[in-house]
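What follows is start-v5.txt (compact mmCIF, C-alpha atoms).
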# COMPACT_ATOMS: atom_id res chain seq x y z
CA ASP A 113 94.67 34.78 86.10
CA SER A 114 93.77 36.42 89.42
CA GLY A 115 92.51 39.64 87.85
CA VAL A 116 95.20 41.67 89.61
CA THR A 117 97.69 43.34 87.27
CA GLN A 118 101.14 44.59 88.12
CA THR A 119 103.58 46.58 86.03
CA PRO A 120 106.35 46.34 85.18
CA LYS A 121 107.03 42.61 85.33
CA HIS A 122 110.77 43.10 85.60
CA LEU A 123 112.79 46.13 86.68
CA ILE A 124 116.57 46.48 86.75
CA THR A 125 118.06 49.59 88.27
CA ALA A 126 121.08 50.87 90.15
CA THR A 127 121.69 51.61 93.82
CA GLY A 128 120.50 55.02 94.90
CA GLN A 129 117.75 55.18 92.30
CA ARG A 130 114.00 55.48 92.75
CA VAL A 131 111.34 53.28 91.14
CA THR A 132 107.56 53.09 91.09
CA LEU A 133 105.63 49.83 90.96
CA ARG A 134 102.02 49.88 89.86
CA CYS A 135 99.08 47.65 90.77
CA SER A 136 95.50 47.47 89.52
CA PRO A 137 93.21 45.45 91.77
CA ARG A 138 90.48 43.07 90.68
CA SER A 139 87.32 44.77 89.55
CA GLY A 140 85.21 45.49 92.63
CA ASP A 141 87.98 45.02 95.19
CA LEU A 142 88.48 47.98 97.49
CA SER A 143 91.58 46.86 99.38
CA VAL A 144 95.14 46.59 98.13
CA TYR A 145 98.14 45.02 99.86
CA TRP A 146 101.85 45.18 99.08
CA TYR A 147 104.31 42.41 99.94
CA GLN A 148 108.03 41.84 99.51
CA GLN A 149 109.43 38.36 98.91
CA SER A 150 113.16 37.77 98.92
CA LEU A 151 114.70 34.71 97.32
CA ASP A 152 113.29 31.49 98.75
CA GLN A 153 111.59 33.30 101.61
CA GLY A 154 108.07 33.89 102.70
CA LEU A 155 106.12 37.05 102.24
CA GLN A 156 106.84 40.21 104.20
CA PHE A 157 103.77 42.38 104.54
CA LEU A 158 104.49 46.01 103.73
CA ILE A 159 101.23 47.97 103.75
CA GLN A 160 97.49 47.76 103.15
CA TYR A 161 95.04 50.31 101.77
CA TYR A 162 91.27 50.28 101.83
CA ASN A 163 89.35 52.62 99.56
CA GLY A 164 92.20 55.10 99.43
CA GLU A 165 93.08 55.09 103.11
CA GLU A 166 95.95 53.32 104.83
CA ARG A 167 94.56 50.45 106.92
CA ALA A 168 97.58 48.52 108.17
CA LYS A 169 101.32 48.97 108.11
CA GLY A 170 103.92 46.23 108.31
CA ASN A 171 107.67 46.22 108.00
CA ILE A 172 107.82 48.98 105.43
CA LEU A 173 111.04 50.98 105.34
CA GLU A 174 110.95 54.77 105.53
CA ARG A 175 112.52 54.82 102.05
CA PHE A 176 109.36 53.12 100.74
CA SER A 177 105.97 54.75 100.38
CA ALA A 178 102.69 53.81 98.81
CA GLN A 179 99.31 55.22 97.99
CA GLN A 180 95.94 54.13 96.64
CA PHE A 181 94.29 56.45 94.17
CA PRO A 182 90.58 57.29 93.73
CA ASP A 183 90.33 54.77 90.88
CA LEU A 184 91.67 52.20 93.43
CA HIS A 185 94.93 51.46 91.66
CA SER A 186 97.98 51.63 93.86
CA GLU A 187 101.62 52.56 93.53
CA LEU A 188 104.59 51.53 95.63
CA ASN A 189 107.51 53.93 95.52
CA LEU A 190 110.97 52.68 96.47
CA SER A 191 113.73 55.26 96.83
CA SER A 192 117.45 55.34 97.63
CA LEU A 193 117.54 51.74 96.51
CA GLU A 194 120.02 49.33 98.06
CA LEU A 195 121.23 45.93 96.88
CA GLY A 196 119.13 44.31 99.59
CA ASP A 197 115.94 45.71 98.09
CA SER A 198 116.24 43.23 95.23
CA ALA A 199 113.18 41.01 95.57
CA LEU A 200 109.79 40.09 94.18
CA TYR A 201 107.15 42.65 95.04
CA PHE A 202 103.58 41.40 95.06
CA CYS A 203 100.37 43.30 95.11
CA ALA A 204 97.19 41.62 96.28
CA SER A 205 93.61 42.79 96.46
CA SER A 206 90.51 41.77 98.36
CA VAL A 207 86.89 42.81 98.41
CA ALA A 208 86.75 44.59 101.74
CA GLY A 209 90.14 44.14 103.39
CA GLY A 210 88.80 41.97 106.19
CA ARG A 211 90.96 39.53 108.12
CA THR A 212 89.44 36.44 106.52
CA ASP A 213 89.01 37.90 103.05
CA THR A 214 90.63 36.02 100.21
CA GLN A 215 93.61 37.95 98.93
CA TYR A 216 94.14 37.67 95.20
CA PHE A 217 97.74 38.11 94.20
CA GLY A 218 99.16 39.64 91.07
CA PRO A 219 102.05 38.10 89.12
CA GLY A 220 104.61 40.27 90.90
CA THR A 221 107.33 42.69 89.87
CA ARG A 222 110.87 41.35 90.04
CA LEU A 223 113.19 44.17 91.09
CA THR A 224 116.92 43.80 90.63
CA VAL A 225 119.17 46.46 92.11
CA LEU A 226 122.73 46.42 90.74
CA THR B 298 111.62 35.97 115.69
CA GLN B 299 109.16 34.27 113.38
CA LEU B 300 105.68 34.41 114.86
CA LEU B 301 104.51 31.58 112.61
CA GLU B 302 106.88 28.63 112.29
CA GLN B 303 106.43 26.31 109.34
CA SER B 304 107.97 22.86 109.20
CA PRO B 305 109.61 21.27 107.46
CA GLN B 306 111.23 24.06 105.46
CA PHE B 307 111.83 21.68 102.57
CA LEU B 308 110.33 18.31 101.62
CA SER B 309 111.06 16.14 98.59
CA ILE B 310 109.10 12.90 98.22
CA GLN B 311 107.99 10.42 95.56
CA GLU B 312 104.67 10.56 93.80
CA GLY B 313 102.04 8.57 95.67
CA GLU B 314 103.39 9.17 99.17
CA ASN B 315 101.55 10.99 101.92
CA LEU B 316 102.88 14.03 103.75
CA THR B 317 102.03 16.52 106.45
CA VAL B 318 103.32 20.06 106.86
CA TYR B 319 102.86 22.16 109.95
CA CYS B 320 102.29 25.76 110.92
CA ASN B 321 102.86 26.52 114.61
CA SER B 322 102.79 29.51 116.92
CA SER B 323 102.64 30.41 120.59
CA SER B 324 99.98 32.99 119.77
CA VAL B 325 96.26 32.50 119.40
CA PHE B 326 94.83 33.45 116.03
CA SER B 327 91.33 34.32 114.96
CA SER B 328 91.79 32.66 111.58
CA LEU B 329 94.40 30.95 109.48
CA GLN B 330 94.83 30.58 105.75
CA TRP B 331 96.90 28.24 103.59
CA TYR B 332 98.25 29.40 100.23
CA ARG B 333 100.21 27.63 97.51
CA GLN B 334 102.72 29.49 95.39
CA GLU B 335 104.26 28.18 92.18
CA PRO B 336 107.57 29.53 90.85
CA GLY B 337 107.23 32.94 89.23
CA GLU B 338 103.64 33.40 90.37
CA GLY B 339 101.77 34.91 93.29
CA PRO B 340 100.30 32.78 96.09
CA VAL B 341 96.84 31.31 95.61
CA LEU B 342 94.47 30.75 98.52
CA LEU B 343 93.67 27.09 99.28
CA VAL B 344 91.57 27.36 102.44
CA THR B 345 90.60 29.54 105.41
CA VAL B 346 89.94 28.02 108.83
CA VAL B 347 88.39 30.00 111.67
CA THR B 348 87.14 27.57 114.32
CA GLY B 349 89.37 25.66 116.75
CA GLY B 350 89.42 21.98 115.79
CA GLU B 351 88.03 22.70 112.34
CA VAL B 352 88.91 20.25 109.56
CA LYS B 353 88.47 21.10 105.89
CA LYS B 354 89.08 18.86 102.90
CA LEU B 355 89.96 19.92 99.40
CA LYS B 356 90.23 16.77 97.25
CA ARG B 357 93.46 15.08 98.49
CA LEU B 358 94.32 17.94 100.85
CA THR B 359 93.14 17.97 104.48
CA PHE B 360 93.55 21.09 106.60
CA GLN B 361 93.19 21.18 110.36
CA PHE B 362 93.11 24.13 112.76
CA GLY B 363 94.29 23.26 116.27
CA ASP B 364 91.80 23.24 119.14
CA ALA B 365 93.58 26.18 120.76
CA ARG B 366 93.87 28.04 117.42
CA LYS B 367 97.67 28.22 117.73
CA ASP B 368 98.61 25.73 115.05
CA SER B 369 97.50 24.13 111.83
CA SER B 370 98.45 21.23 109.61
CA LEU B 371 98.10 20.39 105.95
CA HIS B 372 98.02 16.72 104.98
CA ILE B 373 98.32 15.60 101.37
CA THR B 374 97.32 12.07 100.43
CA ALA B 375 98.88 10.33 97.43
CA ALA B 376 100.94 13.36 96.41
CA GLN B 377 101.23 14.19 92.73
CA PRO B 378 103.83 16.22 90.81
CA GLY B 379 101.20 18.94 90.39
CA ASP B 380 101.29 19.46 94.17
CA THR B 381 104.83 20.83 93.88
CA GLY B 382 105.14 24.38 95.18
CA LEU B 383 105.71 26.62 98.18
CA TYR B 384 103.02 26.20 100.83
CA LEU B 385 102.49 29.25 102.99
CA CYS B 386 100.36 29.68 106.07
CA ALA B 387 99.09 33.10 107.10
CA ALA B 388 97.21 33.99 110.25
CA SER B 389 95.28 36.92 111.58
CA MET B 390 94.69 38.22 115.08
CA ASP B 391 91.66 40.04 116.38
CA SER B 392 93.82 43.06 117.20
CA ASN B 393 94.72 44.11 113.67
CA TYR B 394 94.07 43.57 109.98
CA GLN B 395 97.57 42.48 109.14
CA LEU B 396 98.13 38.87 108.08
CA ILE B 397 101.19 37.25 109.66
CA TRP B 398 102.97 34.93 107.24
CA GLY B 399 105.09 31.86 107.78
CA ALA B 400 108.29 31.36 105.79
CA GLY B 401 106.78 28.47 103.86
CA THR B 402 107.40 24.79 103.14
CA LYS B 403 108.95 24.09 99.76
CA LEU B 404 107.45 20.83 98.50
CA ILE B 405 108.76 18.81 95.55
CA ILE B 406 106.93 15.72 94.35
CA LYS B 407 109.08 13.55 92.11
CA PRO B 408 107.39 11.46 89.40
For this file, produce the structure as structure tokens.
Amino acid sequence: DSGVTQTPKHLITATGQRVTLRCSPRSGDLSVYWYQQSLDQGLQFLIQYYNGEERAKGNILERFSAQQFPDLHSELNLSSLELGDSALYFCASSVAGGRTDTQYFGPGTRLTVL
Amino acid sequence: TQLLEQSPQFLSIQEGENLTVYCNSSSVFSSLQWYRQEPGEGPVLLVTVVTGGEVKKLKRLTFQFGDARKDSSLHITAAQPGDTGLYLCAASMDSNYQLIWGAGTKLIIKP
């Protein structure tokens, strides 16, 4: 158990819909990261927050948005969903968001878009 | 274009054999990490290397960072079924906080 929690574990929805994925970081960690992993592929970095502020942005689509709240939990919002958005979405957290920090990953949310 | 190339993409060997997987790039990195991911779970950090030529050992696993900090290798001695998983390398550059990830090597160790 990494200490990072993600909800829901599974999500099935239809094209065109909007969903929200939630992440609670490890106690004491200030930085949160979001990743997308398609079937049998590596991780695609989406976005990173540190103490409520956006720190780095990867290949995140305009239809996706995220935020980190004052209590440090984070939400990833996916809208106008397409079939290709079906994937595992991971949240990770680290102490200070540094380049060599250990990132602790949650169990992931499996999103299926029908 | 994948900035970090991992090879092989897939490897299936018998228990007890040795193996090496590679992570290569044309870019210079300030640090590189290796993670292992089991099915249905998130990746777990194995090691971080930061110095060119650095070698780190973790039981039967040996990690090496290339002298020029453009490549890395992971060698497993006497592989066991418990080593089965997806091995991912991730590297960082001085210019930004974002980790760049390889596509992974899927390793299966058969009993």
Would you write out, as JSON lines, a table of all residues in chain B that have an atom no more than 7 Å from an atom of chain A, listing for each the closest atom pair and the distance in Å to one decimal, considering all atoms listed in the file and ordering rows by chain and rising residue number?
{"residue": "B:Ser328", "atom": "CA", "partner": "A:Thr212", "partner_atom": "CA", "distance": 6.7}
{"residue": "B:Glu338", "atom": "CA", "partner": "A:Pro219", "partner_atom": "CA", "distance": 5.1}
{"residue": "B:Gly339", "atom": "CA", "partner": "A:Phe217", "partner_atom": "CA", "distance": 5.2}
{"residue": "B:Pro340", "atom": "CA", "partner": "A:Phe217", "partner_atom": "CA", "distance": 6.2}
{"residue": "B:Val341", "atom": "CA", "partner": "A:Tyr216", "partner_atom": "CA", "distance": 6.9}
{"residue": "B:Leu342", "atom": "CA", "partner": "A:Thr214", "partner_atom": "CA", "distance": 6.7}
{"residue": "B:Ser389", "atom": "CA", "partner": "A:Arg211", "partner_atom": "CA", "distance": 6.1}
{"residue": "B:Tyr394", "atom": "CA", "partner": "A:Arg211", "partner_atom": "CA", "distance": 5.4}
{"residue": "B:Gln395", "atom": "CA", "partner": "A:Ala168", "partner_atom": "CA", "distance": 6.1}
{"residue": "B:Trp398", "atom": "CA", "partner": "A:Leu155", "partner_atom": "CA", "distance": 6.3}
{"residue": "B:Gly399", "atom": "CA", "partner": "A:Gly154", "partner_atom": "CA", "distance": 6.2}
{"residue": "B:Ala400", "atom": "CA", "partner": "A:Gly154", "partner_atom": "CA", "distance": 4.0}
{"residue": "B:Gly401", "atom": "CA", "partner": "A:Gly154", "partner_atom": "CA", "distance": 5.7}
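With CA of Ser324 in chain B on one side and CA of Val347 in chain B on the other, the separation reads 14.5 Å.
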Fewer than 4 positions away in the same chain doesn't count, so skip those; otherwise give me all residues within 8 Å of range 357-369 of chain B, counting all atoms listed in the file, as a ChimeraX atom specification. /B:319-329,344,346-353,373-376
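Residues in contact range of Leu195 in chain A, defined as at most 12 Å between all atoms listed in the file, with sequence neighbours fewer than 4 positions away removed, read A:Ile124, A:Thr125, A:Ala126, A:Thr127, A:Gly128, A:Gln129, A:Ser150, A:Ser191, A:Ala199, A:Leu223, A:Thr224, A:Val225, A:Leu226.
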Which value, in Å to one decimal, gives the distance between CA of Leu133 in chain A and CA of Pro336 in chain B? 20.4 Å
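Across the structure, CA of Glu335 in chain B and CA of Gln377 in chain B are spaced 14.3 Å apart.
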Using only C-alpha atoms, the shortest atom-to-atom distance to Ile405 in chain B among B:Leu383, B:Ala388, B:Leu355, B:Leu300 belongs to B:Leu383
Quick one: of A:Phe176, A:Phe181, A:Tyr147, A:Tyr162, who's nearest to Leu396 in chain B, counting only C-alpha atoms? A:Tyr147
Nearby residues, (94.9, 45.9, 90.2) file frame, 7 Å, only C-alpha atoms, as a ChimeraX atom specification: /A:116-118,135-138,185
